[in-house]
Amino acid sequence: MASVLIIDDEPNIRRMVGALLGSEGYDVREAAGGAEGIAKARDADPDVVLLDLMMPGELDGLSTLARLRELSPDVPVVMMSGRAGLADAVKATKLGAANFLEKPLTPEGVLLALAAALELRRARQEARALRADLGLTTEMIGDDPSMRALREMIARVAPTDARVLVTGESGTGKELVASAIHFGSARSNKPFVRVNCAAIPRDLVESEMFGHEKGSFTGATERRIGRFELAHTGTLFLDEVGDLGPEAQAKLLRAIEAREIERVGGGKPIRVDVRIIAATNKDLARCVNDGTFREDLYFRLNVIPIVLPPLRDRPGDIPALVRQFSALHRARTGRALPMWTDEAMQVLSRHRWPGNVRELANIVERLAILHAGQIVNADQVREVLPADREGGPTRAPLPDPVALDRPLTETLDEFERAVIVRALSSAGGNVAEAARRLKTDRPNLYRRMKRLGVTEGGSGSHGSSGGGSSAGHRNT
């Protein structure tokens with residue numbers, strides 16, 4: 001049974017709306033003013049709040065709305081008023097109101113608004129549960145001084161709308177930081193949209209970012225809404241922004257400065273309200289000096305810089321991270337937790353972790369699968385660590401490129417696939433590091449991985465060219 005809290009200073013409104021909702025099976029509570037409503041919301045945790053805009057006393061409707069959003073961000077609030085103007089409706093919407101009903105109320109209008117609000121409440125709860133299942137929480141694990149300073153910085157920055165540039169090696173948790181900033185802000189119930197700039201083909205960046213109109217270019221069979229529009233009123237996370245080309249950088253700068261975009265093939269500017277959080281593992285200041293990144297865009301993005309420490313600089317946090325990743329694996333699969341010996345933890349703590357926290361998560365998951373409910377010792381850890389770091393098993397040899405009994409294309413694809421898999425394995429699944437070892441850029445390596453069916457974990461199909469599953473594009 002869904003619960004509804006009615007906050008209105010008019011007894012007749014509370015009585016009539018309460019009777020309507022009671023007859024529909026709702027659990028109804030009432031409050032005659034803002035302060036009483038806040039107290040009852042704190043005690044009862046309602047599923048939906050019906051809130052009058054014009055109320056006497058210290059807390060009017062908008063002030064009460066702001067307090068409710070702080071108290072229970074996931075609870076939808078439906079505003080009611082008979083004297084509200086457009087400006088009041090806009091203010092209420094900006095403060096997070098889910099809907100706005102004009103008095104005199106109608107039974108149909110009230111019930112439809114509540115049904116929509118409850119659907120929104122369920123969607124928010126499911127999204128939160130899904131993020132937890134996927135490990136996309138905003139919790140920063142670790143008691144190292146650098147992590148305490150990071151948590152303090154996020155707490156200060158999140159409530160603002162300032163643009164943030166998150167830097168650090170691949171796998172240090174840049175997306176986790178961006179997520180924590182978003183969900184700690186007033187935009188927490190608005191969209192959080194991620195763009196992997198390194199994974200977008202150069203000729204599709206504009207369409208991906210700003211969208212396109214039907215027929216604007218070959219293959220544009222329908223209108224597409226870009227990431228900026230999808231993130232409207234929320235947060236846009238530009239992952240690996242340092243990989244954008246010069247033309248894309250110019251268009252991004254214009255969108256940030258003008259706060260408007262144009263779809264490809266569209267002639268009408270579209271206003272957008274987005275908070276920008278960018279991330280990269282490149283030294284953008286050096287890229288500016290090298291002429292590969294625009295200085296004006298760098299200054300626009302780097303309002304609040306946040307630098308993430310590599311995992312090797314905080315080895316004391318590794319045991320806590322191992323326990324966290326083990327628990328996440330158990331929550332996803334239901335398999336029993338492994339038990340880690342002190343020697344196993346010492347081996348993990350001595351590893352250099354070129355792939356940082358993401359590499360550690362992959363290793364923990366692999367060991368949790370192989371040794372569910374069992375004791376994991378140091379030798380078993382060494383077996384799954386890269387050979388050039390902890391003396392693991394010898395890597396498989398590359399295939400013989402001279403194979404005259406198969407088509408040339410198939411033979412070359414197999415050899416290329418094996419080279420990429422070996423590079424990824426040596427780099428601990430770190431795509432950026434693998435690209436450096438192969439002396440190529442990351443977008444090119446992503447394209448080759450996708451074509452050959454190689455995942456970031458270093459596995460791949462062995463079919464013909466283009467076979468296998470698409471490569472993942474996680475790269476924080």
# chains A, B, ... in the order shown; residues from 1 in each chain; ligands from 1
$ residues_around --residues "segment 356-365 of chain A" --least-positions-apart "4" --cutoff "10 Å" --atoms "only C-alpha atoms" --output "PyMOL selection string"
chain A and resi 169-173+309-312+318+321-330+338+348+351-352+369-372+381+384-385+427-430+457+474-476
$ write_last_selection --atoms "C-alpha atoms" --output "CSV table (one decimal), in the first residue's frame"
chain,number,residue,atom,x,y,z
A,169,GLU,CA,45.7,6.9,-14.4
A,170,SER,CA,43.3,4.6,-16.1
A,171,GLY,CA,41.4,2.5,-13.6
A,172,THR,CA,41.7,4.8,-10.7
A,173,GLY,CA,38.0,5.4,-10.4
A,309,PRO,CA,46.1,8.7,-6.6
A,310,PRO,CA,47.2,5.5,-8.3
A,311,LEU,CA,46.5,2.3,-6.3
A,312,ARG,CA,50.3,1.6,-5.8
A,318,ILE,CA,44.0,-2.9,-0.8
A,321,LEU,CA,39.1,-3.0,-1.5
A,322,VAL,CA,39.5,-6.8,-1.8
A,323,ARG,CA,36.7,-7.3,0.8
A,324,GLN,CA,34.5,-4.8,-1.0
A,325,PHE,CA,34.9,-6.4,-4.4
A,326,SER,CA,34.4,-9.9,-2.9
A,327,ALA,CA,31.1,-8.7,-1.3
A,328,LEU,CA,29.9,-7.2,-4.6
A,329,HIS,CA,30.7,-10.5,-6.4
A,330,ARG,CA,28.7,-12.4,-3.8
A,338,PRO,CA,36.6,-16.7,-0.5
A,348,LEU,CA,48.3,-8.2,-3.7
A,351,HIS,CA,51.8,-5.7,-7.0
A,352,ARG,CA,52.3,-2.5,-9.0
A,369,ILE,CA,35.0,-17.5,-9.1
A,370,LEU,CA,37.9,-20.0,-9.0
A,371,HIS,CA,37.9,-20.4,-5.2
A,372,ALA,CA,34.4,-19.6,-4.0
A,381,VAL,CA,47.2,-15.1,-6.3
A,384,VAL,CA,46.5,-14.9,-11.9
A,385,LEU,CA,48.7,-11.9,-11.7
A,427,ALA,CA,49.0,-4.2,-19.0
A,428,GLY,CA,46.6,-5.8,-16.6
A,429,GLY,CA,43.6,-4.9,-18.8
A,430,ASN,CA,44.6,-1.3,-19.0
A,457,GLY,CA,39.9,-8.3,-20.0
A,474,ARG,CA,34.8,1.3,-19.9
A,475,ASN,CA,37.8,3.5,-19.3
A,476,THR,CA,37.8,5.4,-16.1
$ select_by_dssp --residues "segment 20-119 of chain A" --states "strand (DSSP E)" --output "number ranges by chain"
A: 27-31, 48-52, 77-81, 99-102
$ closest_atom_pairs --of "segment 277-330 of chain A" --to "segment 187-209 of chain A" --cutoff "12 Å" --atoms "only C-alpha atoms" --output "JSON lines"
{"residue": "A:Ile277", "atom": "CA", "partner": "A:Arg194", "partner_atom": "CA", "distance": 9.5}
{"residue": "A:Ala278", "atom": "CA", "partner": "A:Val195", "partner_atom": "CA", "distance": 9.6}
{"residue": "A:Ala279", "atom": "CA", "partner": "A:Asn196", "partner_atom": "CA", "distance": 9.7}
{"residue": "A:Thr280", "atom": "CA", "partner": "A:Cys197", "partner_atom": "CA", "distance": 9.7}
{"residue": "A:Asn281", "atom": "CA", "partner": "A:Ala198", "partner_atom": "CA", "distance": 11.2}
{"residue": "A:Lys282", "atom": "CA", "partner": "A:Ala198", "partner_atom": "CA", "distance": 11.8}
